[in-house]
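Remarks on the structure that follows.
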Amino acid sequence: FPIAKIAAKLAVGYSLDEIPNDITRATPASFEPALDYIVTKIPRFAFEKFPGAVSRLTTKMHSVGEVMAIGRTFTESLLKALASLEVEPQDISAALDEPNPYRIFAVFDALRAGMDIAEIVARTQIDPFFVASIARIVAAEGAISETFDAEELSELKRVGLPDESVAAAAGTSTEVIRGVRGALDIHPTYKSVDTCAGEFPARTPYYYSTYETEDEVERGDNPSVVVLGSGPNRIGQGIEFDYACVHASYAIKEAGYDAVMINSNPETVSTDYDTSTRLYFEPLTAEHVLEVIRREKPAGVILQFGGQSPLKLARELEKNGAKILGTTPDAIDLAEDRSRFGRLLNELGVPHPRFGTASSAEEAREVAHELGYPVVVRPSYVLGGRRMEIVYNNEDLDLYLKSSVATDPEHPILIDKFMEDYAEVDVDAVSDGEDVYVGGIMEHVEEAGIHSGDSSCVVPPITIHRALLERIEDYTRRLAFAVGVVGLMNVQFVVRGEDVLAIECNPRASRTVPFVSKAIGVPLAKVATRVLLGEKLRDMGLLGAGSNTDGHFSVKAPVFPFDRFAGVDPLLGPEMRSTGEAMGIDRSFGGAFAKALTAAGQKLPTSGRVYISVANRDKRAVVLIARAFADLGFEIAGSEGTAEVLRNNGLSVAVVPKIGENGEDVLGLIEGGGVDLIVNTPWGRGARTDGYLIRRKALMHGVPCITTLAAAAAAVQGIESKIRAGGAERVNSLQGLYAAKA
């Protein structure tokens, strides 16, 4: 029942009995939904991204996304929802006695350990119905033996137990259980989400799996193409991938195929009932995806638009006979395996930072010593910069190895030389195996070392000259052909002077695809889908590069949830923390940057006082920025050390006492409304440094706080643009911009 759509019609004057129900096309919208299925929603959290945050749930919302699952019973629906969460085991820290993100797992563990239902209810205040339902699941697990017949296995599947759980309880492998199910012909049937409990036939092909007898999937004569969605929104994998999946669905239908979507996120357009030809509301696990493929027998499966979740399934789907469209699983592995990728870069003559891998703490220290500090350390196959850090000495490295990850030959640590003072560049491109269309080259505002998802960026680049851009395009094409990319790809480079170094290649849709597509007026996900279905870029008239935007600049600015996490330092680094983004377009970079920042919730002041306190390494470079603020009419205040440097360079600066000293310190200044903008680059590690206290206080009082000099320089341009415009910006249509480009 499309509530928002119905509400919009009511708002313009219709009554409920005048609006047809899109689901049945036979009843009016006033016909109340009657359900013969159970729907479970579970929120997805990201406390692990914010060290120091207390993972206790309160009346303040902390979730960054959610999953939804449909089943005929509560146990089936619950287990499908839990499977959809895609939570890494090492991130689950659950306690029974207080509300926390994963307490439901603690309930499972308590029941498995023999705790009775009444005690769990008393300690958690969870309704007894839910605890008893989980107890039924645990009892079903406990009844599994090494041998069982078809009826017993069918009953386990009706409870909702995945093959993986059955296999673990039976002491065998998931593949064996899947094979047994296949031999016994125990497969799910698919029911339609009809909102009328079967009283009227549903006209919208919107399905969920269950283990019953009647199957309600209706399909015509067209071959189908399956698109795997991105699952729950989380930091590192959000709504941007849904954008790509939806465009893929549109392009598939336009090409004459049935578009089949598999996803589990209720917040997305891809799970609307009318986006695809058929929608399967299912977890993105191998078991569920393979069953949909078995039912659909598609002409192909598209993995590259849903982020890391579908890519993790590539090998298993291929092994079980699924036809993966576009870039092959081996090519994906080539790009993600640091050793293989490094060898490829050497063969291609593409420069890159030195790197190494380590399977033990001793090896890690040896590699870091050989590369020279600082280095970037991370586990292999990371998403959203998870557990990625810059370390500056042996002590930092040892602390990282002890607290963040385990080292073993199966999952080595990747160690790269950190390229300080380099600018970072992102490239989104489409390859058809013969030609490459470079859709956009994005220059990051912040220097390398801040995760690409957390950095503001601009299209076209503003400080990189044409010869370097041509070299970036050349390296991108070389990589596309050598890796074997068919479809979308994202490549990241660092640039300084005349140096261009490749640091990463992702043969899939990236989080910047929607931004670039809107900046250049070319729907890259749609183009890539047409390529996957066999069209050529040459026939679409897409050759060369799309970054020439004919005089307008597009800026992407991230949105952060720091205000939701008490005690967390709002400092940017290599691990991604943003939960969304905003975009600004203008004839000048400064104008676009100011719009993007304003849209992201950080309004740049056009007058008042700027407080500046920077690390020693930044004191020389901050002089020009401070002078620019003064020229714009701002009063300058600063910490003692920074103020001394600025005064020595002819600037008038008010000295603000150190925190805790006599007089009004910077914390009092912020609290009293005496500062309008802060430039504060970090000068120490730890939870209670002055910088940390300044940044937290600024966050609490809504004062914009900039933590890199590059962003401060961009803010100057943004403020200058706002002052020049005087609130009378000229309005332009996007269509006009795109038409001028065409």
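Convention: chains lettered A, B, ... in structure tokens order; per-chain residue numbering from 1; ligands numbered from 1 as shown.
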
Please identify which residues in stretch 3-215 of chain A DSSP calls strand (DSSP E or B) from the backbone, and express them as a list of chain:residue names.
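Strand (DSSP E or B) members of stretch 3-215 of chain A, listed: A:Pro20, A:Pro28, A:Ala34, A:Ile38, A:Val39, A:Thr40, A:Lys41, A:Ile42, A:Pro43, A:Arg44, A:Gly65, A:Glu66, A:Val67, A:Met68, A:Ala69, A:Ile70, A:Gly71, A:Thr189, A:Tyr190, A:Lys191, A:Ser192, A:Cys196, A:Tyr206, A:Tyr207, A:Tyr208, A:Ser209, A:Thr210.
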
Could those residues be written to a file, using N, CA, C and O atoms, as a CSV table (one decimal), in the first residue's frame?
chain,number,residue,atom,x,y,z
A,20,PRO,N,-7.8,4.1,-6.8
A,20,PRO,CA,-7.6,2.7,-7.0
A,20,PRO,C,-6.4,2.2,-6.2
A,20,PRO,O,-5.4,2.9,-6.1
A,28,PRO,N,-10.6,-0.2,-4.0
A,28,PRO,CA,-10.2,1.2,-3.8
A,28,PRO,C,-9.2,1.3,-2.7
A,28,PRO,O,-9.0,0.3,-1.9
A,34,ALA,N,-5.2,-6.6,4.4
A,34,ALA,CA,-5.3,-7.8,5.2
A,34,ALA,C,-4.1,-8.6,4.9
A,34,ALA,O,-3.9,-9.0,3.7
A,38,ILE,N,4.1,-12.3,7.9
A,38,ILE,CA,4.7,-11.5,9.0
A,38,ILE,C,5.9,-10.7,8.4
A,38,ILE,O,6.7,-11.3,7.7
A,39,VAL,N,6.0,-9.4,8.8
A,39,VAL,CA,7.1,-8.6,8.3
A,39,VAL,C,7.9,-8.1,9.5
A,39,VAL,O,7.3,-7.7,10.5
A,40,THR,N,9.2,-8.3,9.4
A,40,THR,CA,10.1,-7.9,10.5
A,40,THR,C,11.1,-6.9,10.0
A,40,THR,O,11.7,-7.1,9.0
A,41,LYS,N,11.2,-5.8,10.8
A,41,LYS,CA,12.2,-4.8,10.5
A,41,LYS,C,13.2,-4.8,11.6
A,41,LYS,O,12.9,-4.8,12.8
A,42,ILE,N,14.5,-4.8,11.3
A,42,ILE,CA,15.6,-4.7,12.3
A,42,ILE,C,16.5,-3.5,11.9
A,42,ILE,O,17.0,-3.4,10.7
A,43,PRO,N,16.8,-2.6,12.8
A,43,PRO,CA,17.7,-1.5,12.5
A,43,PRO,C,19.2,-1.9,12.4
A,43,PRO,O,19.6,-2.9,13.0
A,44,ARG,N,20.0,-1.2,11.6
A,44,ARG,CA,21.4,-1.5,11.4
A,44,ARG,C,22.2,-0.3,12.1
A,44,ARG,O,21.9,0.8,11.8
A,65,GLY,N,20.6,2.6,9.2
A,65,GLY,CA,19.8,1.9,8.2
A,65,GLY,C,18.9,0.8,8.8
A,65,GLY,O,18.8,0.7,10.0
A,66,GLU,N,18.3,0.0,7.9
A,66,GLU,CA,17.5,-1.1,8.4
A,66,GLU,C,17.3,-2.1,7.4
A,66,GLU,O,17.5,-1.9,6.2
A,67,VAL,N,16.9,-3.3,7.8
A,67,VAL,CA,16.5,-4.4,6.9
A,67,VAL,C,15.1,-4.8,7.2
A,67,VAL,O,14.5,-4.5,8.3
A,68,MET,N,14.5,-5.4,6.2
A,68,MET,CA,13.1,-5.9,6.3
A,68,MET,C,13.1,-7.3,5.8
A,68,MET,O,13.8,-7.6,4.8
A,69,ALA,N,12.3,-8.2,6.4
A,69,ALA,CA,12.1,-9.5,5.9
A,69,ALA,C,10.6,-10.0,6.0
A,69,ALA,O,9.9,-9.5,6.9
A,70,ILE,N,10.2,-10.8,5.1
A,70,ILE,CA,8.8,-11.3,5.1
A,70,ILE,C,8.8,-12.8,5.1
A,70,ILE,O,9.6,-13.5,4.4
A,71,GLY,N,8.0,-13.4,6.0
A,71,GLY,CA,7.8,-14.8,6.1
A,71,GLY,C,6.4,-15.2,6.5
A,71,GLY,O,5.6,-14.3,6.9
A,189,THR,N,9.0,-21.9,-2.0
A,189,THR,CA,8.1,-21.3,-3.0
A,189,THR,C,8.0,-19.8,-2.7
A,189,THR,O,8.5,-19.3,-1.7
A,190,TYR,N,7.4,-19.1,-3.7
A,190,TYR,CA,7.4,-17.7,-3.6
A,190,TYR,C,6.0,-17.2,-3.6
A,190,TYR,O,5.2,-17.5,-4.4
A,191,LYS,N,5.7,-16.4,-2.6
A,191,LYS,CA,4.3,-15.8,-2.4
A,191,LYS,C,4.3,-14.3,-2.7
A,191,LYS,O,5.3,-13.7,-2.5
A,192,SER,N,3.2,-13.8,-3.2
A,192,SER,CA,3.1,-12.4,-3.6
A,192,SER,C,2.7,-11.6,-2.4
A,192,SER,O,2.0,-12.1,-1.5
A,196,CYS,N,-4.0,-8.3,0.6
A,196,CYS,CA,-5.5,-8.6,0.7
A,196,CYS,C,-5.7,-10.1,1.1
A,196,CYS,O,-6.7,-10.6,0.8
A,206,TYR,N,5.6,-8.9,-6.6
A,206,TYR,CA,6.4,-8.5,-5.4
A,206,TYR,C,6.4,-9.7,-4.5
A,206,TYR,O,5.3,-10.0,-3.9
A,207,TYR,N,7.5,-10.4,-4.3
A,207,TYR,CA,7.5,-11.8,-3.8
A,207,TYR,C,8.4,-11.9,-2.6
A,207,TYR,O,9.4,-11.2,-2.4
A,208,TYR,N,8.1,-13.0,-1.8
A,208,TYR,CA,9.0,-13.4,-0.7
A,208,TYR,C,8.9,-14.9,-0.6
A,208,TYR,O,8.0,-15.5,-1.1
A,209,SER,N,10.0,-15.5,-0.1
A,209,SER,CA,10.1,-17.0,-0.1
A,209,SER,C,9.6,-17.5,1.2
A,209,SER,O,9.6,-16.9,2.3
A,210,THR,N,9.1,-18.8,1.1
A,210,THR,CA,8.6,-19.5,2.2
A,210,THR,C,8.6,-21.0,1.8
A,210,THR,O,8.6,-21.3,0.6

So which residues of stretch 213-436 of chain A fall under helix (DSSP H, G or I) by DSSP, listed as a short mmCIF file (atom, residue, chain, number, x, y, z; two decimals) with N, CA, C and O atoms, in the first residue's frame?
data_model
loop_
_atom_site.label_atom_id
_atom_site.label_comp_id
_atom_site.auth_asym_id
_atom_site.auth_seq_id
_atom_site.Cartn_x
_atom_site.Cartn_y
_atom_site.Cartn_z
N ILE A 239 22.72 4.66 0.17
CA ILE A 239 21.66 4.84 -0.82
C ILE A 239 22.21 5.06 -2.22
O ILE A 239 21.51 4.86 -3.22
N GLU A 240 23.50 5.44 -2.32
CA GLU A 240 24.08 5.65 -3.64
C GLU A 240 24.06 4.38 -4.50
O GLU A 240 23.94 4.44 -5.72
N PHE A 241 24.17 3.22 -3.85
CA PHE A 241 24.15 1.97 -4.60
C PHE A 241 22.72 1.62 -5.03
O PHE A 241 22.51 0.99 -6.06
N ASP A 242 21.75 2.04 -4.23
CA ASP A 242 20.36 1.85 -4.64
C ASP A 242 20.07 2.66 -5.90
O ASP A 242 19.36 2.20 -6.80
N TYR A 243 20.63 3.87 -5.96
CA TYR A 243 20.49 4.71 -7.16
C TYR A 243 20.96 3.94 -8.39
O TYR A 243 20.28 3.90 -9.42
N ALA A 244 22.13 3.32 -8.28
CA ALA A 244 22.68 2.58 -9.42
C ALA A 244 21.81 1.38 -9.77
O ALA A 244 21.57 1.09 -10.95
N CYS A 245 21.31 0.67 -8.75
CA CYS A 245 20.47 -0.51 -9.00
C CYS A 245 19.17 -0.13 -9.69
O CYS A 245 18.69 -0.84 -10.60
N VAL A 246 18.57 0.98 -9.29
CA VAL A 246 17.31 1.43 -9.89
C VAL A 246 17.53 1.80 -11.36
O VAL A 246 16.74 1.42 -12.24
N HIS A 247 18.61 2.53 -11.64
CA HIS A 247 18.90 2.87 -13.03
C HIS A 247 19.17 1.62 -13.86
O HIS A 247 18.80 1.55 -15.03
N ALA A 248 19.80 0.62 -13.24
CA ALA A 248 20.03 -0.64 -13.93
C ALA A 248 18.70 -1.30 -14.28
O ALA A 248 18.50 -1.79 -15.41
N SER A 249 17.77 -1.29 -13.34
CA SER A 249 16.45 -1.88 -13.57
C SER A 249 15.74 -1.20 -14.73
O SER A 249 15.16 -1.85 -15.61
N TYR A 250 15.78 0.13 -14.74
CA TYR A 250 15.15 0.88 -15.84
C TYR A 250 15.76 0.50 -17.19
O TYR A 250 15.05 0.27 -18.18
N ALA A 251 17.10 0.44 -17.23
CA ALA A 251 17.78 0.15 -18.49
C ALA A 251 17.48 -1.28 -18.96
O ALA A 251 17.34 -1.52 -20.17
N ILE A 252 17.39 -2.21 -18.02
CA ILE A 252 17.08 -3.61 -18.38
C ILE A 252 15.71 -3.69 -19.02
O ILE A 252 15.53 -4.35 -20.06
N LYS A 253 14.73 -3.01 -18.44
CA LYS A 253 13.37 -3.04 -19.00
C LYS A 253 13.33 -2.37 -20.37
O LYS A 253 12.66 -2.86 -21.28
N GLU A 254 14.07 -1.26 -20.51
CA GLU A 254 14.11 -0.57 -21.81
C GLU A 254 14.73 -1.44 -22.89
O GLU A 254 14.41 -1.30 -24.07
N ALA A 286 24.00 -16.18 -0.19
CA ALA A 286 24.12 -17.12 -1.31
C ALA A 286 22.89 -18.03 -1.38
O ALA A 286 22.37 -18.31 -2.47
N GLU A 287 22.42 -18.49 -0.22
CA GLU A 287 21.27 -19.40 -0.22
C GLU A 287 20.05 -18.77 -0.88
O GLU A 287 19.43 -19.36 -1.77
N HIS A 288 19.69 -17.58 -0.47
CA HIS A 288 18.48 -16.95 -0.99
C HIS A 288 18.64 -16.51 -2.44
O HIS A 288 17.72 -16.65 -3.25
N VAL A 289 19.82 -15.97 -2.77
CA VAL A 289 20.05 -15.53 -4.15
C VAL A 289 20.04 -16.71 -5.12
O VAL A 289 19.44 -16.66 -6.19
N LEU A 290 20.69 -17.81 -4.74
CA LEU A 290 20.72 -18.99 -5.61
C LEU A 290 19.32 -19.57 -5.82
O LEU A 290 19.00 -20.06 -6.92
N GLU A 291 18.48 -19.50 -4.79
CA GLU A 291 17.12 -20.01 -4.95
C GLU A 291 16.31 -19.14 -5.91
O GLU A 291 15.53 -19.64 -6.72
N VAL A 292 16.48 -17.83 -5.86
CA VAL A 292 15.79 -16.95 -6.81
C VAL A 292 16.30 -17.23 -8.23
O VAL A 292 15.51 -17.30 -9.18
N ILE A 293 17.61 -17.41 -8.37
CA ILE A 293 18.18 -17.71 -9.69
C ILE A 293 17.63 -19.04 -10.20
O ILE A 293 17.29 -19.18 -11.39
N ARG A 294 17.51 -20.03 -9.32
CA ARG A 294 16.93 -21.32 -9.71
C ARG A 294 15.51 -21.13 -10.22
O ARG A 294 15.10 -21.72 -11.21
N ARG A 295 14.75 -20.27 -9.55
CA ARG A 295 13.36 -20.05 -9.93
C ARG A 295 13.25 -19.23 -11.22
O ARG A 295 12.39 -19.49 -12.07
N GLU A 296 14.13 -18.24 -11.39
CA GLU A 296 14.03 -17.32 -12.52
C GLU A 296 14.72 -17.83 -13.80
O GLU A 296 14.31 -17.49 -14.89
N GLN A 308 29.67 -3.79 -1.94
CA GLN A 308 30.47 -4.97 -1.60
C GLN A 308 29.61 -6.21 -1.34
O GLN A 308 30.08 -7.33 -1.54
N SER A 309 28.37 -6.04 -0.91
CA SER A 309 27.53 -7.20 -0.55
C SER A 309 27.38 -8.18 -1.71
O SER A 309 27.62 -9.39 -1.54
N PRO A 310 26.95 -7.75 -2.90
CA PRO A 310 26.86 -8.70 -4.01
C PRO A 310 28.21 -9.26 -4.44
O PRO A 310 28.31 -10.44 -4.80
N LEU A 311 29.25 -8.40 -4.40
CA LEU A 311 30.57 -8.87 -4.85
C LEU A 311 31.07 -10.03 -4.00
O LEU A 311 31.77 -10.92 -4.50
N ALA A 314 30.15 -13.32 -5.49
CA ALA A 314 30.50 -13.57 -6.89
C ALA A 314 31.02 -14.99 -7.12
O ALA A 314 30.55 -15.71 -8.00
N ARG A 315 32.01 -15.40 -6.32
CA ARG A 315 32.63 -16.71 -6.52
C ARG A 315 31.62 -17.84 -6.34
O ARG A 315 31.56 -18.78 -7.14
N GLU A 316 30.80 -17.76 -5.28
CA GLU A 316 29.86 -18.84 -5.00
C GLU A 316 28.77 -18.92 -6.06
O GLU A 316 28.36 -20.01 -6.47
N LEU A 317 28.30 -17.76 -6.52
CA LEU A 317 27.27 -17.77 -7.57
C LEU A 317 27.84 -18.37 -8.86
O LEU A 317 27.19 -19.18 -9.53
N GLU A 318 29.07 -17.96 -9.19
CA GLU A 318 29.71 -18.48 -10.41
C GLU A 318 29.91 -19.99 -10.29
O GLU A 318 29.64 -20.75 -11.24
N LYS A 319 30.34 -20.46 -9.12
CA LYS A 319 30.58 -21.88 -8.89
C LYS A 319 29.30 -22.70 -9.06
O LYS A 319 29.32 -23.85 -9.47
N PRO A 329 34.34 -12.50 -11.79
CA PRO A 329 34.80 -12.61 -10.40
C PRO A 329 36.33 -12.63 -10.27
O PRO A 329 36.88 -12.08 -9.32
N ASP A 330 37.02 -13.24 -11.25
CA ASP A 330 38.48 -13.28 -11.17
C ASP A 330 39.07 -11.89 -11.35
O ASP A 330 40.04 -11.52 -10.69
N ALA A 331 38.45 -11.09 -12.25
CA ALA A 331 38.93 -9.72 -12.45
C ALA A 331 38.67 -8.87 -11.20
O ALA A 331 39.49 -8.03 -10.83
N ILE A 332 37.54 -9.12 -10.53
CA ILE A 332 37.24 -8.42 -9.29
C ILE A 332 38.29 -8.76 -8.24
O ILE A 332 38.81 -7.89 -7.54
N ASP A 333 38.64 -10.04 -8.15
CA ASP A 333 39.66 -10.49 -7.19
C ASP A 333 41.02 -9.88 -7.52
O ASP A 333 41.77 -9.49 -6.63
N LEU A 334 41.34 -9.78 -8.82
CA LEU A 334 42.60 -9.19 -9.25
C LEU A 334 42.73 -7.76 -8.74
O LEU A 334 43.79 -7.35 -8.25
N ALA A 335 41.65 -6.99 -8.83
CA ALA A 335 41.69 -5.60 -8.40
C ALA A 335 41.73 -5.47 -6.89
O ALA A 335 42.32 -4.52 -6.35
N GLU A 336 41.11 -6.41 -6.16
CA GLU A 336 41.03 -6.30 -4.70
C GLU A 336 42.20 -6.96 -3.98
O GLU A 336 42.47 -6.63 -2.83
N ARG A 338 45.72 -7.09 -3.12
CA ARG A 338 46.75 -6.06 -3.20
C ARG A 338 48.01 -6.55 -3.90
O ARG A 338 48.62 -5.81 -4.67
N SER A 339 48.39 -7.80 -3.66
CA SER A 339 49.61 -8.32 -4.28
C SER A 339 49.44 -8.45 -5.79
O SER A 339 50.30 -8.01 -6.57
N ARG A 340 48.33 -9.06 -6.22
CA ARG A 340 48.08 -9.21 -7.66
C ARG A 340 47.97 -7.84 -8.34
O ARG A 340 48.50 -7.62 -9.43
N PHE A 341 47.25 -6.92 -7.67
CA PHE A 341 47.05 -5.60 -8.25
C PHE A 341 48.38 -4.85 -8.36
O PHE A 341 48.65 -4.17 -9.36
N GLY A 342 49.23 -4.98 -7.34
CA GLY A 342 50.53 -4.31 -7.38
C GLY A 342 51.39 -4.82 -8.52
O GLY A 342 52.05 -4.04 -9.22
N ARG A 343 51.38 -6.14 -8.74
CA ARG A 343 52.14 -6.70 -9.87
C ARG A 343 51.61 -6.18 -11.19
O ARG A 343 52.38 -5.87 -12.12
N LEU A 344 50.28 -6.07 -11.29
CA LEU A 344 49.68 -5.56 -12.53
C LEU A 344 50.10 -4.12 -12.80
O LEU A 344 50.45 -3.77 -13.93
N LEU A 345 50.09 -3.29 -11.75
CA LEU A 345 50.51 -1.89 -11.93
C LEU A 345 51.95 -1.82 -12.42
O LEU A 345 52.28 -1.00 -13.30
N ASN A 346 52.82 -2.66 -11.87
CA ASN A 346 54.22 -2.68 -12.32
C ASN A 346 54.31 -3.07 -13.79
O ASN A 346 55.07 -2.47 -14.56
N GLU A 347 53.54 -4.08 -14.18
CA GLU A 347 53.56 -4.52 -15.59
C GLU A 347 53.07 -3.42 -16.53
O GLU A 347 53.57 -3.28 -17.65
N LEU A 348 52.09 -2.64 -16.07
CA LEU A 348 51.51 -1.59 -16.92
C LEU A 348 52.36 -0.32 -16.92
O LEU A 348 52.11 0.59 -17.72
N ALA A 361 52.60 -10.17 13.23
CA ALA A 361 53.03 -8.88 13.78
C ALA A 361 54.49 -8.60 13.40
O ALA A 361 54.86 -7.46 13.09
N GLU A 362 55.33 -9.66 13.41
CA GLU A 362 56.75 -9.48 13.06
C GLU A 362 56.89 -9.02 11.62
O GLU A 362 57.65 -8.09 11.31
N GLU A 363 56.13 -9.68 10.72
CA GLU A 363 56.18 -9.28 9.31
C GLU A 363 55.69 -7.85 9.13
O GLU A 363 56.25 -7.08 8.33
N ALA A 364 54.66 -7.46 9.86
CA ALA A 364 54.11 -6.11 9.75
C ALA A 364 55.17 -5.06 10.12
O ALA A 364 55.32 -4.05 9.43
N ARG A 365 55.92 -5.32 11.20
CA ARG A 365 56.96 -4.38 11.61
C ARG A 365 58.07 -4.30 10.56
O ARG A 365 58.58 -3.22 10.27
N GLU A 366 58.42 -5.45 9.98
CA GLU A 366 59.47 -5.46 8.94
C GLU A 366 59.03 -4.66 7.72
O GLU A 366 59.80 -3.87 7.17
N VAL A 367 57.77 -4.88 7.27
CA VAL A 367 57.28 -4.17 6.09
C VAL A 367 57.23 -2.67 6.36
O VAL A 367 57.66 -1.85 5.53
N ALA A 368 56.71 -2.27 7.54
CA ALA A 368 56.61 -0.85 7.88
C ALA A 368 57.99 -0.20 7.92
O ALA A 368 58.17 0.93 7.46
N HIS A 369 58.97 -0.92 8.48
CA HIS A 369 60.34 -0.39 8.55
C HIS A 369 60.92 -0.20 7.16
O HIS A 369 61.57 0.81 6.86
N GLU A 370 60.64 -1.16 6.27
CA GLU A 370 61.15 -1.09 4.90
C GLU A 370 60.51 0.07 4.12
O GLU A 370 61.19 0.78 3.38
N LEU A 371 59.19 0.26 4.32
CA LEU A 371 58.50 1.34 3.61
C LEU A 371 58.83 2.70 4.20
O LEU A 371 58.89 3.70 3.48
N ASN A 394 56.42 2.41 15.52
CA ASN A 394 56.25 1.01 15.92
C ASN A 394 55.18 0.85 17.01
O ASN A 394 54.41 -0.11 17.01
N GLU A 395 55.14 1.82 17.95
CA GLU A 395 54.18 1.72 19.05
C GLU A 395 52.75 1.77 18.51
O GLU A 395 51.88 1.00 18.93
N ASP A 396 52.50 2.71 17.58
CA ASP A 396 51.17 2.81 16.97
C ASP A 396 50.81 1.52 16.24
O ASP A 396 49.67 1.05 16.29
N LEU A 397 51.78 0.96 15.53
CA LEU A 397 51.54 -0.26 14.76
C LEU A 397 51.20 -1.42 15.70
O LEU A 397 50.25 -2.18 15.45
N ASP A 398 51.96 -1.56 16.78
CA ASP A 398 51.69 -2.65 17.74
C ASP A 398 50.29 -2.50 18.34
O ASP A 398 49.56 -3.48 18.49
N LEU A 399 49.93 -1.26 18.68
CA LEU A 399 48.61 -1.02 19.25
C LEU A 399 47.51 -1.39 18.26
O LEU A 399 46.51 -2.01 18.62
N TYR A 400 47.72 -1.04 16.99
CA TYR A 400 46.74 -1.36 15.95
C TYR A 400 46.58 -2.88 15.82
O TYR A 400 45.46 -3.39 15.77
N LEU A 401 47.69 -3.58 15.77
CA LEU A 401 47.64 -5.04 15.58
C LEU A 401 46.97 -5.73 16.76
O LEU A 401 46.26 -6.72 16.58
N LYS A 402 47.15 -5.19 17.96
CA LYS A 402 46.54 -5.81 19.14
C LYS A 402 45.04 -5.51 19.23
O LYS A 402 44.25 -6.36 19.61
N SER A 403 44.66 -4.28 18.89
CA SER A 403 43.29 -3.85 19.17
C SER A 403 42.34 -3.96 17.99
O SER A 403 41.13 -4.06 18.19
#

Residue contacts of stretch 53-58 of chain A (10 Å, only C-alpha atoms) excluding same-chain residues fewer than 5 positions away, as a count of residues only:
20

Taking only C-alpha atoms into account, which of A:Glu581, A:Glu214, A:Asp435, A:Glu389 comes nearest A:Asp454?
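Comparing A:Glu581, A:Glu214, A:Asp435, A:Glu389 against A:Asp454, the winner is A:Glu581.
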
Could you work out how far atom CA of A:Phe31 lies from atom CA of A:Ala11, giving the answer in Å with one decimal?
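Distance between the two atoms: 18.7 Å.
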
Quote the spacing between atom CA of A:Ala482 and atom CA of A:Val227 in Å to one decimal place.
25.6 Å

What are the closest atom pairs, with distances in Å to one decimal, for all residues of stretch 439-512 of chain A lying within 8 Å of stretch 411-429 of chain A? Consider only C-alpha atoms, order rows by chain and residue number, and present the result as JSON lines.
{"residue": "A:Gly439", "atom": "CA", "partner": "A:Ala429", "partner_atom": "CA", "distance": 5.1}
{"residue": "A:Gly440", "atom": "CA", "partner": "A:Asp428", "partner_atom": "CA", "distance": 5.5}
{"residue": "A:Ile441", "atom": "CA", "partner": "A:Val427", "partner_atom": "CA", "distance": 4.6}
{"residue": "A:Met442", "atom": "CA", "partner": "A:Asp426", "partner_atom": "CA", "distance": 5.0}
{"residue": "A:Glu443", "atom": "CA", "partner": "A:Val425", "partner_atom": "CA", "distance": 4.7}
{"residue": "A:His444", "atom": "CA", "partner": "A:Glu424", "partner_atom": "CA", "distance": 5.5}
{"residue": "A:Val445", "atom": "CA", "partner": "A:Ala423", "partner_atom": "CA", "distance": 7.9}
{"residue": "A:Glu446", "atom": "CA", "partner": "A:Ala423", "partner_atom": "CA", "distance": 7.3}
{"residue": "A:Glu447", "atom": "CA", "partner": "A:Ala423", "partner_atom": "CA", "distance": 4.8}
{"residue": "A:Ala448", "atom": "CA", "partner": "A:Glu424", "partner_atom": "CA", "distance": 5.2}
{"residue": "A:Gly449", "atom": "CA", "partner": "A:Glu420", "partner_atom": "CA", "distance": 7.5}
{"residue": "A:Ser452", "atom": "CA", "partner": "A:Asp426", "partner_atom": "CA", "distance": 8.0}
{"residue": "A:Thr476", "atom": "CA", "partner": "A:Val427", "partner_atom": "CA", "distance": 7.8}
{"residue": "A:Leu488", "atom": "CA", "partner": "A:Ala429", "partner_atom": "CA", "distance": 5.9}
{"residue": "A:Met489", "atom": "CA", "partner": "A:Ala429", "partner_atom": "CA", "distance": 5.4}
{"residue": "A:Asn490", "atom": "CA", "partner": "A:Asp428", "partner_atom": "CA", "distance": 4.6}
{"residue": "A:Val491", "atom": "CA", "partner": "A:Val427", "partner_atom": "CA", "distance": 5.1}
{"residue": "A:Gln492", "atom": "CA", "partner": "A:Asp426", "partner_atom": "CA", "distance": 4.6}
{"residue": "A:Phe493", "atom": "CA", "partner": "A:Val425", "partner_atom": "CA", "distance": 5.1}
{"residue": "A:Val494", "atom": "CA", "partner": "A:Glu424", "partner_atom": "CA", "distance": 4.4}
{"residue": "A:Val495", "atom": "CA", "partner": "A:Ala423", "partner_atom": "CA", "distance": 5.1}
{"residue": "A:Arg496", "atom": "CA", "partner": "A:Tyr422", "partner_atom": "CA", "distance": 5.1}
{"residue": "A:Ser510", "atom": "CA", "partner": "A:Asp428", "partner_atom": "CA", "distance": 7.5}
{"residue": "A:Thr512", "atom": "CA", "partner": "A:Asp428", "partner_atom": "CA", "distance": 7.5}

Contacts of A:Pro574 at 12 Å (only C-alpha atoms; same-chain gap of 3+ positions) as an MDAnalysis selection string
chainID A and resid 49 236 375:378 382:391 418 446:455 571 577:578

Selection near A:Ser84, 7 Å with only C-alpha atoms, sequence-local residues under 3 positions removed, as a list in words:
Val67, Lys80, Ala81, Gly231, Ser264, Pro283 and Leu284 of chain A

Polymer residues at most 8 Å from A:Ile186, only C-alpha atoms, same-chain spacing of 4 or more positions, as an NGL selection string:
:A and (150 or 154 or 181-182)
